[in-house]
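Asks: This is my_file35.cif, which holds mmCIF, C-alpha atoms:
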```
data_data
loop_
_atom_site.group_PDB
_atom_site.id
_atom_site.type_symbol
_atom_site.label_atom_id
_atom_site.label_comp_id
_atom_site.auth_asym_id
_atom_site.auth_seq_id
_atom_site.Cartn_x
_atom_site.Cartn_y
_atom_site.Cartn_z
ATOM 1 C CA MET G 146 21.176 -9.997 73.149
ATOM 2 C CA MET G 147 20.572 -13.585 74.138
ATOM 3 C CA ASP G 148 18.194 -14.163 77.042
ATOM 4 C CA GLU G 149 20.456 -16.324 79.182
ATOM 5 C CA ALA G 150 22.106 -14.579 82.123
ATOM 6 C CA ILE G 151 25.400 -12.763 81.718
ATOM 7 C CA ASP G 152 28.086 -13.798 84.199
ATOM 8 C CA VAL G 153 30.067 -10.568 84.282
ATOM 9 C CA MET G 154 29.029 -7.158 82.969
ATOM 10 C CA VAL G 155 31.630 -4.416 82.986
ATOM 11 C CA VAL G 156 30.639 -0.771 82.681
ATOM 12 C CA GLY G 157 33.869 1.096 82.035
ATOM 13 C CA SER G 158 36.709 2.234 79.867
ATOM 14 C CA CYS G 159 38.542 1.163 76.714
ATOM 15 C CA MET G 160 41.962 2.611 75.976
ATOM 16 C CA THR G 161 44.459 1.936 73.249
ATOM 17 C CA ASP G 162 47.849 1.572 74.931
ATOM 18 C CA LEU G 163 50.864 3.130 73.192
ATOM 19 C CA VAL G 164 53.774 1.471 74.968
ATOM 20 C CA SER G 165 57.464 2.424 74.919
ATOM 21 C CA GLN G 166 60.039 0.261 76.674
ATOM 22 C CA THR G 167 63.026 2.249 77.951
ATOM 23 C CA PRO G 168 66.066 1.638 80.182
ATOM 24 C CA ARG G 169 64.637 4.177 82.674
ATOM 25 C CA LEU G 170 61.867 6.759 82.907
ATOM 26 C CA PRO G 171 62.839 10.135 81.347
ATOM 27 C CA LYS G 172 63.206 13.262 83.489
ATOM 28 C CA ALA G 173 61.324 16.478 82.623
ATOM 29 C CA GLY G 174 62.668 17.963 79.382
ATOM 30 C CA GLU G 175 64.803 14.919 78.645
ATOM 31 C CA THR G 176 64.731 12.761 75.497
ATOM 32 C CA ILE G 177 65.943 9.195 75.859
ATOM 33 C CA HIS G 178 66.108 6.240 73.477
ATOM 34 C CA GLY G 179 63.687 3.379 74.029
ATOM 35 C CA HIS G 180 64.345 -0.096 72.692
ATOM 36 C CA LYS G 181 60.817 -1.199 71.770
ATOM 37 C CA PHE G 182 57.415 0.245 70.891
ATOM 38 C CA PHE G 183 54.073 -1.536 70.542
ATOM 39 C CA THR G 184 50.370 -0.796 70.749
ATOM 40 C CA GLY G 185 48.012 -2.837 72.882
ATOM 41 C CA PHE G 186 44.435 -2.959 74.093
ATOM 42 C CA GLY G 187 43.942 -1.466 77.550
ATOM 43 C CA GLY G 188 41.649 0.619 79.727
ATOM 44 C CA LYS G 189 40.746 -0.666 83.182
ATOM 45 C CA GLY G 190 37.187 -1.666 82.301
ATOM 46 C CA ALA G 191 38.044 -3.564 79.137
ATOM 47 C CA ASN G 192 41.065 -5.210 80.803
ATOM 48 C CA GLN G 193 38.898 -6.548 83.627
ATOM 49 C CA CYS G 194 36.261 -7.741 81.157
ATOM 50 C CA ILE G 195 38.787 -9.535 78.917
ATOM 51 C CA GLN G 196 40.412 -11.318 81.886
ATOM 52 C CA ALA G 197 37.004 -12.556 83.113
ATOM 53 C CA ALA G 198 36.163 -13.709 79.558
ATOM 54 C CA ARG G 199 39.463 -15.575 79.173
ATOM 55 C CA LEU G 200 38.735 -17.551 82.345
ATOM 56 C CA GLY G 201 35.415 -18.644 80.873
ATOM 57 C CA ALA G 202 32.884 -16.049 82.071
ATOM 58 C CA ARG G 203 30.089 -14.948 79.735
ATOM 59 C CA THR G 204 30.879 -11.226 79.548
ATOM 60 C CA THR G 205 29.350 -8.039 78.185
ATOM 61 C CA MET G 206 31.053 -4.640 77.983
ATOM 62 C CA VAL G 207 29.205 -1.320 78.267
ATOM 63 C CA CYS G 208 31.529 1.372 76.905
ATOM 64 C CA LYS G 209 32.141 4.093 74.298
ATOM 65 C CA VAL G 210 34.831 4.262 71.637
ATOM 66 C CA GLY G 211 35.466 6.732 68.817
ATOM 67 C CA LYS G 212 34.498 6.293 65.179
ATOM 68 C CA ASP G 213 38.156 5.851 64.351
ATOM 69 C CA PHE G 214 40.793 3.214 63.617
ATOM 70 C CA PHE G 215 41.399 2.545 67.328
ATOM 71 C CA GLY G 216 37.660 2.177 67.990
ATOM 72 C CA ASP G 217 37.087 -0.271 65.117
ATOM 73 C CA ASN G 218 40.075 -2.317 66.286
ATOM 74 C CA TYR G 219 38.795 -2.352 69.854
ATOM 75 C CA ILE G 220 35.399 -3.750 68.857
ATOM 76 C CA GLN G 221 37.176 -6.502 66.922
ATOM 77 C CA ASN G 222 39.352 -7.204 69.981
ATOM 78 C CA PHE G 223 36.240 -7.755 72.110
ATOM 79 C CA LYS G 224 34.828 -10.143 69.519
ATOM 80 C CA ASP G 225 38.137 -12.026 69.310
ATOM 81 C CA ASN G 226 37.989 -12.538 73.094
ATOM 82 C CA GLY G 227 34.348 -13.643 73.136
ATOM 83 C CA VAL G 228 33.034 -10.471 74.800
ATOM 84 C CA GLU G 229 29.520 -9.433 73.736
ATOM 85 C CA THR G 230 29.472 -5.982 72.120
ATOM 86 C CA ASP G 231 25.754 -5.056 72.037
ATOM 87 C CA PHE G 232 26.491 -2.096 74.344
ATOM 88 C CA VAL G 233 29.781 -0.914 72.861
ATOM 89 C CA GLY G 234 28.850 2.472 71.395
ATOM 90 C CA GLN G 235 30.813 4.393 68.753
ATOM 91 C CA THR G 236 30.764 8.187 68.688
ATOM 92 C CA SER G 237 32.140 10.768 66.267
ATOM 93 C CA ASP G 238 32.215 13.401 69.051
ATOM 94 C CA ALA G 239 35.494 12.205 70.604
ATOM 95 C CA ALA G 240 38.465 9.962 69.881
ATOM 96 C CA THR G 241 38.875 6.499 71.381
ATOM 97 C CA GLY G 242 40.674 6.785 74.722
ATOM 98 C CA VAL G 243 44.451 6.355 74.662
ATOM 99 C CA ALA G 244 47.087 5.630 77.283
ATOM 100 C CA THR G 245 50.723 6.514 76.638
ATOM 101 C CA ILE G 246 52.812 4.134 78.742
ATOM 102 C CA ILE G 247 56.542 4.130 79.435
ATOM 103 C CA VAL G 248 57.895 0.939 81.017
ATOM 104 C CA ASN G 249 61.477 0.835 82.301
ATOM 105 C CA ASP G 250 63.740 -2.219 82.528
ATOM 106 C CA ALA G 251 62.718 -2.761 86.165
ATOM 107 C CA GLY G 252 59.086 -3.139 85.064
ATOM 108 C CA GLU G 253 57.995 0.195 86.607
ATOM 109 C CA ASN G 254 55.744 2.434 84.529
ATOM 110 C CA ALA G 255 54.597 6.026 83.992
ATOM 111 C CA ILE G 256 51.237 6.506 82.252
ATOM 112 C CA VAL G 257 49.314 9.420 80.689
ATOM 113 C CA ILE G 258 45.689 8.762 79.787
ATOM 114 C CA VAL G 259 43.388 10.793 77.541
ATOM 115 C CA ALA G 260 39.909 9.428 78.245
ATOM 116 C CA GLY G 261 38.224 10.764 75.080
ATOM 117 C CA ALA G 262 35.045 8.853 74.149
ATOM 118 C CA ASN G 263 35.034 7.110 77.550
ATOM 119 C CA LEU G 264 33.711 10.285 79.174
ATOM 120 C CA LEU G 265 30.641 10.339 76.904
ATOM 121 C CA LEU G 266 29.181 7.148 78.406
ATOM 122 C CA GLY G 267 26.159 8.182 80.450
ATOM 123 C CA ASP G 268 22.537 7.785 81.478
ATOM 124 C CA LYS G 269 21.164 7.051 77.980
ATOM 125 C CA GLU G 270 23.557 4.131 77.423
ATOM 126 C CA LEU G 271 22.949 2.733 80.919
ATOM 127 C CA ARG G 272 19.175 2.831 80.503
ATOM 128 C CA LYS G 273 19.534 0.939 77.218
ATOM 129 C CA ALA G 274 21.675 -1.683 78.986
ATOM 130 C CA LEU G 275 19.391 -2.017 82.042
ATOM 131 C CA PRO G 276 17.591 -5.212 80.916
ATOM 132 C CA ALA G 277 20.992 -6.879 80.518
ATOM 133 C CA ILE G 278 22.373 -5.373 83.766
ATOM 134 C CA SER G 279 19.394 -6.789 85.672
ATOM 135 C CA ARG G 280 20.216 -10.307 84.419
ATOM 136 C CA ALA G 281 23.942 -10.200 85.180
ATOM 137 C CA LYS G 282 25.501 -12.117 88.070
ATOM 138 C CA VAL G 283 28.248 -9.553 88.730
ATOM 139 C CA LEU G 284 28.670 -5.927 87.622
ATOM 140 C CA VAL G 285 32.103 -4.254 87.690
ATOM 141 C CA CYS G 286 32.905 -0.501 87.558
ATOM 142 C CA GLN G 287 35.971 1.772 87.838
ATOM 143 C CA LEU G 288 36.705 5.510 87.514
ATOM 144 C CA GLU G 289 38.058 5.922 83.955
ATOM 145 C CA ILE G 290 34.559 6.920 82.805
ATOM 146 C CA ASN G 291 32.392 9.687 84.275
ATOM 147 C CA ALA G 292 32.168 8.905 88.016
ATOM 148 C CA GLN G 293 28.414 9.537 88.159
ATOM 149 C CA ALA G 294 27.852 7.009 85.350
ATOM 150 C CA SER G 295 29.794 4.397 87.356
ATOM 151 C CA LEU G 296 27.750 5.149 90.481
ATOM 152 C CA GLN G 297 24.483 4.958 88.538
ATOM 153 C CA ALA G 298 25.474 1.564 87.074
ATOM 154 C CA LEU G 299 26.389 0.168 90.518
ATOM 155 C CA ARG G 300 23.069 1.365 91.964
ATOM 156 C CA MET G 301 21.102 -0.114 89.043
ATOM 157 C CA ALA G 302 22.855 -3.439 89.671
ATOM 158 C CA GLN G 303 22.142 -3.422 93.418
ATOM 159 C CA GLU G 304 18.479 -2.573 92.854
ATOM 160 C CA ASN G 305 18.322 -5.737 90.727
ATOM 161 C CA LYS G 306 20.121 -7.939 93.312
ATOM 162 C CA VAL G 307 23.247 -8.101 91.131
ATOM 163 C CA LYS G 308 26.564 -8.353 93.010
ATOM 164 C CA THR G 309 28.843 -5.350 92.491
ATOM 165 C CA ILE G 310 32.628 -4.934 92.399
ATOM 166 C CA PHE G 311 33.893 -1.362 92.475
ATOM 167 C CA ASN G 312 37.511 -0.513 91.700
ATOM 168 C CA PRO G 313 38.133 3.163 92.654
ATOM 169 C CA ALA G 314 40.866 3.648 90.048
ATOM 170 C CA PRO G 315 42.345 5.980 89.032
ATOM 171 C CA ALA G 316 41.753 7.172 92.602
ATOM 172 C CA ILE G 317 40.107 10.484 93.414
ATOM 173 C CA PRO G 318 40.384 11.860 96.971
ATOM 174 C CA ASP G 319 36.809 13.245 97.093
ATOM 175 C CA LEU G 320 34.993 10.042 96.121
ATOM 176 C CA ASP G 321 31.180 10.334 96.292
ATOM 177 C CA ALA G 322 30.088 8.634 99.559
ATOM 178 C CA GLY G 323 27.445 6.721 97.588
ATOM 179 C CA PHE G 324 30.141 4.490 96.063
ATOM 180 C CA TYR G 325 30.860 2.768 99.378
ATOM 181 C CA LYS G 326 27.249 1.734 99.945
ATOM 182 C CA ALA G 327 26.923 0.589 96.320
ATOM 183 C CA SER G 328 29.926 -1.784 96.613
ATOM 184 C CA ASP G 329 29.486 -5.442 97.544
ATOM 185 C CA VAL G 330 33.246 -5.728 97.025
ATOM 186 C CA PHE G 331 35.317 -2.540 97.171
ATOM 187 C CA CYS G 332 38.669 -3.492 95.634
ATOM 188 C CA CYS G 333 41.613 -1.085 95.485
ATOM 189 C CA ASN G 334 45.413 -1.119 95.682
ATOM 190 C CA GLU G 335 47.555 0.375 98.451
ATOM 191 C CA THR G 336 47.970 3.760 96.695
ATOM 192 C CA GLU G 337 44.222 4.141 96.198
ATOM 193 C CA ALA G 338 43.525 3.059 99.784
ATOM 194 C CA GLU G 339 46.007 5.692 101.039
ATOM 195 C CA LEU G 340 44.405 8.444 98.993
ATOM 196 C CA LEU G 341 40.874 7.525 100.114
ATOM 197 C CA THR G 342 41.604 7.062 103.827
ATOM 198 C CA GLY G 343 44.405 9.616 104.240
ATOM 199 C CA SER G 344 46.566 7.102 106.116
ATOM 200 C CA SER G 345 49.706 5.238 105.070
ATOM 201 C CA VAL G 346 49.241 1.722 103.626
ATOM 202 C CA THR G 347 52.641 0.009 103.423
ATOM 203 C CA SER G 348 52.098 -3.126 105.527
ATOM 204 C CA THR G 349 49.344 -5.710 105.921
ATOM 205 C CA GLU G 350 48.446 -4.207 109.337
ATOM 206 C CA GLU G 351 48.054 -0.722 107.844
ATOM 207 C CA ALA G 352 46.009 -2.219 104.988
ATOM 208 C CA HIS G 353 43.742 -3.852 107.583
ATOM 209 C CA ARG G 354 43.195 -0.477 109.306
ATOM 210 C CA ALA G 355 42.443 1.182 105.949
ATOM 211 C CA ALA G 356 40.009 -1.636 105.109
ATOM 212 C CA GLN G 357 38.215 -1.104 108.445
ATOM 213 C CA GLU G 358 37.816 2.592 107.598
ATOM 214 C CA LEU G 359 36.386 1.750 104.144
ATOM 215 C CA LEU G 360 33.945 -0.738 105.723
ATOM 216 C CA ARG G 361 32.777 1.967 108.132
ATOM 217 C CA ARG G 362 31.832 4.035 105.080
ATOM 218 C CA GLY G 363 29.354 1.376 103.991
ATOM 219 C CA CYS G 364 31.074 -1.266 101.794
ATOM 220 C CA ARG G 365 29.948 -4.893 102.281
ATOM 221 C CA SER G 366 33.525 -6.121 101.916
ATOM 222 C CA VAL G 367 36.946 -4.693 101.091
ATOM 223 C CA VAL G 368 39.932 -6.158 99.263
ATOM 224 C CA ILE G 369 43.153 -4.140 99.282
ATOM 225 C CA THR G 370 45.797 -5.497 96.908
ATOM 226 C CA LEU G 371 49.432 -5.087 97.966
ATOM 227 C CA GLY G 372 51.384 -6.258 94.898
ATOM 228 C CA PRO G 373 53.987 -8.860 95.926
ATOM 229 C CA GLN G 374 52.544 -8.879 99.483
ATOM 230 C CA GLY G 375 49.281 -10.356 98.192
ATOM 231 C CA CYS G 376 46.101 -8.757 99.546
ATOM 232 C CA VAL G 377 44.032 -8.101 102.638
ATOM 233 C CA VAL G 378 40.365 -9.155 102.766
ATOM 234 C CA LEU G 379 37.803 -7.833 105.252
ATOM 235 C CA ARG G 380 34.061 -8.499 105.203
ATOM 236 C CA ALA G 381 31.388 -6.564 107.103
ATOM 237 C CA GLN G 382 29.981 -9.737 108.676
ATOM 238 C CA ASP G 383 33.399 -10.946 109.978
ATOM 239 C CA SER G 384 35.390 -9.495 112.806
ATOM 240 C CA ALA G 385 38.531 -11.292 111.556
ATOM 241 C CA TRP G 386 40.518 -9.951 108.618
ATOM 242 C CA LYS G 387 42.525 -12.177 106.324
ATOM 243 C CA HIS G 388 45.941 -11.591 104.800
ATOM 244 C CA VAL G 389 46.089 -13.603 101.567
ATOM 245 C CA PRO G 390 49.771 -13.952 100.582
ATOM 246 C CA THR G 391 50.909 -14.535 97.019
ATOM 247 C CA ALA G 392 53.671 -16.760 95.668
ATOM 248 C CA PRO G 393 56.784 -14.786 94.606
ATOM 249 C CA VAL G 394 57.192 -14.384 90.831
ATOM 250 C CA THR G 395 59.715 -12.584 88.646
ATOM 251 C CA ALA G 396 57.804 -9.659 87.159
ATOM 252 C CA ALA G 397 58.437 -8.733 83.526
ATOM 253 C CA ASP G 398 55.712 -6.046 83.383
ATOM 254 C CA THR G 399 53.203 -5.228 86.119
ATOM 255 C CA THR G 400 50.965 -3.093 83.832
ATOM 256 C CA GLY G 401 47.367 -4.272 84.173
ATOM 257 C CA ALA G 402 48.012 -6.746 86.999
ATOM 258 C CA GLY G 403 45.369 -5.119 89.209
ATOM 259 C CA ASP G 404 42.829 -5.427 86.384
ATOM 260 C CA SER G 405 43.731 -9.095 85.906
ATOM 261 C CA PHE G 406 43.042 -9.606 89.638
ATOM 262 C CA ILE G 407 39.642 -7.888 89.453
ATOM 263 C CA GLY G 408 38.617 -9.705 86.270
ATOM 264 C CA ALA G 409 39.489 -13.002 87.949
ATOM 265 C CA LEU G 410 37.626 -12.003 91.131
ATOM 266 C CA ALA G 411 34.535 -11.208 89.029
ATOM 267 C CA PHE G 412 34.805 -14.613 87.330
ATOM 268 C CA TYR G 413 34.921 -16.428 90.681
ATOM 269 C CA MET G 414 32.048 -14.369 92.126
ATOM 270 C CA ALA G 415 29.906 -15.289 89.102
ATOM 271 C CA HIS G 416 30.900 -18.969 88.856
ATOM 272 C CA HIS G 417 31.441 -19.831 92.533
ATOM 273 C CA PRO G 418 29.112 -17.493 94.464
ATOM 274 C CA THR G 419 29.399 -19.520 97.705
ATOM 275 C CA MET G 420 33.219 -19.625 97.730
ATOM 276 C CA PRO G 421 34.723 -17.600 100.626
ATOM 277 C CA LEU G 422 35.982 -14.203 99.472
ATOM 278 C CA GLU G 423 39.527 -14.920 100.702
ATOM 279 C CA GLU G 424 39.655 -18.086 98.548
ATOM 280 C CA MET G 425 38.478 -16.077 95.516
ATOM 281 C CA ALA G 426 41.215 -13.522 96.294
ATOM 282 C CA HIS G 427 43.793 -16.312 96.655
ATOM 283 C CA ARG G 428 42.931 -17.632 93.177
ATOM 284 C CA ALA G 429 42.747 -14.126 91.681
ATOM 285 C CA ASN G 430 46.272 -13.496 93.093
ATOM 286 C CA LYS G 431 47.482 -16.537 91.152
ATOM 287 C CA VAL G 432 45.892 -15.327 87.908
ATOM 288 C CA ALA G 433 47.453 -11.849 88.317
ATOM 289 C CA GLY G 434 50.773 -13.523 89.194
ATOM 290 C CA VAL G 435 50.761 -15.245 85.805
ATOM 291 C CA SER G 436 49.944 -11.936 84.039
ATOM 292 C CA VAL G 437 52.981 -10.047 85.425
ATOM 293 C CA GLN G 438 55.376 -12.649 84.021
ATOM 294 C CA ALA G 439 54.650 -11.551 80.441
ATOM 295 C CA VAL G 440 54.924 -8.139 78.768
ATOM 296 C CA GLY G 441 51.852 -6.152 77.755
ATOM 297 C CA THR G 442 48.471 -5.678 79.385
ATOM 298 C CA GLN G 443 45.743 -7.908 77.910
ATOM 299 C CA ALA G 444 48.434 -9.730 75.910
ATOM 300 C CA SER G 445 49.729 -11.088 79.238
ATOM 301 C CA TYR G 446 46.346 -12.276 80.585
ATOM 302 C CA PRO G 447 46.112 -16.051 80.984
ATOM 303 C CA ARG G 448 43.331 -18.137 79.474
ATOM 304 C CA ARG G 449 41.647 -20.988 81.297
ATOM 305 C CA ALA G 450 43.796 -23.521 79.414
ATOM 306 C CA ASP G 451 46.990 -21.782 80.667
ATOM 307 C CA LEU G 452 46.088 -22.406 84.318
ATOM 308 C CA PRO G 453 45.996 -25.528 86.507
ATOM 309 C CA ALA G 454 42.609 -27.318 86.567
ATOM 310 C CA GLU G 455 42.305 -26.965 90.356
ATOM 311 C CA MET G 456 41.899 -23.178 89.892
ATOM 312 C CA PHE G 457 38.421 -23.889 88.529
#
```
Since I need it in another form, could you write the structure as structure tokens?
Replies:
Amino acid sequence: MMDEAIDVMVVGSCMTDLVSQTPRLPKAGETIHGHKFFTGFGGKGANQCIQAARLGARTTMVCKVGKDFFGDNYIQNFKDNGVETDFVGQTSDAATGVATIIVNDAGENAIVIVAGANLLLGDKELRKALPAISRAKVLVCQLEINAQASLQALRMAQENKVKTIFNPAPAIPDLDAGFYKASDVFCCNETEAELLTGSSVTSTEEAHRAAQELLRRGCRSVVITLGPQGCVVLRAQDSAWKHVPTAPVTAADTTGAGDSFIGALAFYMAHHPTMPLEEMAHRANKVAGVSVQAVGTQASYPRRADLPAEMF
């Protein structure tokens, strides 16, 4: 590990995506014909890390894959994207995580994940990564690994004055209260916000109310993404909330758009720490907007050269 600081460290999941494109989603017990199949690199943690790396952040991934074909390929994928792999562990006790994804012609999806090796990431691996965590600018976590490992990583970061982004996805209704206090930026989508607060989140006003509730639980700031409606940003030190709209785009595949947003947000937090959070969210919206116009998850993530210079 080189001694210079890491911009973005992601503690989280790697999944191999097995994607079928179909005219519509099948009903229970039904077999339908799809028109295309491909495999891709996914998993919320790795997605977020790869997007940050493609924008120019110096990134490190802390994760676990299997000693299998998918795991070997995943490590190569990190290297191809310039992500440091010192803390990517391989285990023979479980298979690399997989996600089976069905995408219909409208761009909607249904996903089954089998977390596999992701769930074996724990205290031992985090302790080994602590010297690197303590030198990071931003640490990002989600919930596709063991929840306690995510919470431990966020706390280790905060103890070392490292900014934290927590993405409570896939959402669990009984989230440990410690997560709120460990989040400098608590970033979720409308579905996750609904599950966590128990109230409907369909409009910007409802998202604002949900964000207020999440702030009350101890987050420093909250970003709730609303797909084509952009996002809502609320910070503990402001009384005013901000609705950050997004430019309309024609979506080809929305898979991984939320991860593109978070990866971009992490990049801006690391590279432009004094930029207002709503401006970071505005730029992250634009990055995610580019990603939904192409098919695939990481395959659709823009690189710095694909974006206008004023984004940087």
Asks: Env of Gly201 of chain G: 10 Å cut, atoms = only C-alpha atoms, seq-sep filter 5 positions within chain, self excluded. Answer as a PDB file with C-alpha atoms, keeping the file's coordinate frame.
Replies:
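Resulting contents of out_15.pdb:
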```pdb
ATOM      1  CA  ASP G 152      28.086 -13.798  84.199  1.00  0.00           C
ATOM      2  CA  ILE G 195      38.787  -9.535  78.917  1.00  0.00           C
ATOM      3  CA  GLN G 196      40.412 -11.318  81.886  1.00  0.00           C
ATOM      4  CA  GLY G 227      34.348 -13.643  73.136  1.00  0.00           C
ATOM      5  CA  ALA G 409      39.489 -13.002  87.949  1.00  0.00           C
ATOM      6  CA  PHE G 412      34.805 -14.613  87.330  1.00  0.00           C
ATOM      7  CA  HIS G 416      30.900 -18.969  88.856  1.00  0.00           C
ATOM      8  CA  ARG G 448      43.331 -18.137  79.474  1.00  0.00           C
ATOM      9  CA  ARG G 449      41.647 -20.988  81.297  1.00  0.00           C
ATOM     10  CA  ALA G 450      43.796 -23.521  79.414  1.00  0.00           C
ATOM     11  CA  PHE G 457      38.421 -23.889  88.529  1.00  0.00           C
TER      12      PHE G 457
END
```
Asks: What is the atom CA of Gly434 of chain G-atom CA of Ser405 of chain G distance in Å, reported with one decimal?
Replies: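 Separation of atom CA of Gly434 of chain G and atom CA of Ser405 of chain G: 8.9 Å.
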Asks: Would you translate the PyMOL selection byres ((chain G and resi 348) around 10) into the concrete set of residues it matches in this file, as a list in words?
Replies: Glu335, Ser345, Val346, Thr347, Thr349, Glu350, Glu351, Ala352, His353, Leu371, Gln374 and Val377 of chain G
Asks: Using the chain letters and numbering of this document, enumerate as an MDAnalysis selection string the residues selected by the PyMOL selection byres ((chain G and resi 281-288) around 6).
Replies: chainID G and resid 150:157 278:280 289:290 292 295 307:315 415
Asks: Evaluating the PyMOL selection byres ((chain G and resi 386) around 12) on the displayed file yields which residues, as a PyMOL selection string?
Replies: chain G and resi 349-357+360+366-369+376-385+387-389+422-423
Asks: Determine the nearest neighbour of Thr399 of chain G from the options G:Cys332, G:Val435, G:Met456, G:Val228, counting only C-alpha atoms.
Replies: G:Val435
Asks: Using only C-alpha atoms for the distances, tell me which of G:Asp162, G:Asp321, G:Glu229, G:Asp217 is nearest to Gly242 of chain G.
Replies: G:Asp162
Asks: Under the rule that only C-alpha atoms are counted, which of G:Glu358, G:Glu149, G:Asp398, G:Asp238 is the nearest residue to Ala444 of chain G?
Replies: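 Of G:Glu358, G:Glu149, G:Asp398, G:Asp238, the one nearest Ala444 of chain G, counting only C-alpha atoms, is G:Asp398.
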Asks: Find the residues around Met160 of chain G up to 7 Å (only C-alpha atoms counted), leave out those fewer than 4 positions away in its own chain, and share them as a ChimeraX atom specification.
Replies: /G:186-188,241-244
Asks: Only C-alpha atoms, please: the residues just picked out, written as a PDB file, in the frame of the given file.
Replies:
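See part_34.pdb below for the written result:
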```
ATOM      1  CA  PHE G 186      44.435  -2.959  74.093  1.00  0.00           C
ATOM      2  CA  GLY G 187      43.942  -1.466  77.550  1.00  0.00           C
ATOM      3  CA  GLY G 188      41.649   0.619  79.727  1.00  0.00           C
ATOM      4  CA  THR G 241      38.875   6.499  71.381  1.00  0.00           C
ATOM      5  CA  GLY G 242      40.674   6.785  74.722  1.00  0.00           C
ATOM      6  CA  VAL G 243      44.451   6.355  74.662  1.00  0.00           C
ATOM      7  CA  ALA G 244      47.087   5.630  77.283  1.00  0.00           C
TER       8      ALA G 244
END
```
Asks: Please provide as a PyMOL selection string all residues within 6 Å of Val233 of chain G, with the sequence filter that same-chain residues fewer than 2 positions apart are discarded (counting all atoms listed in the file).
Replies: chain G and resi 207-209+230-231
Asks: Which of these residues is nearest to Pro318 of chain G, using all atoms listed in the file: G:Glu304, G:Asp451, G:Glu337, G:Glu175?
Replies: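 Of the candidates, the smallest distance to Pro318 of chain G is held by G:Glu337.
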Asks: Quote the spacing between atom CA of Leu275 of chain G and atom CA of Ala302 of chain G in Å to one decimal place.
Replies: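 These two atoms are separated by 8.5 Å.
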Asks: Check the smallest atom-to-atom distance from each of G:Phe182, G:Phe232, G:Phe214, G:Tyr413 to Ala274 of chain G using all atoms listed in the file, then report the winner.
Replies: G:Phe232
Asks: Tell me, in Å to one decimal, how far atom CA of Leu170 of chain G is from atom CA of Gly403 of chain G.
Replies: 21.3 Å
Asks: Rank G:Leu264, G:Met206, G:Ala338, G:Leu200 by their smallest atom-to-atom distance to Val432 of chain G, using all atoms listed in the file, and report the top residue only.
Replies: G:Leu200
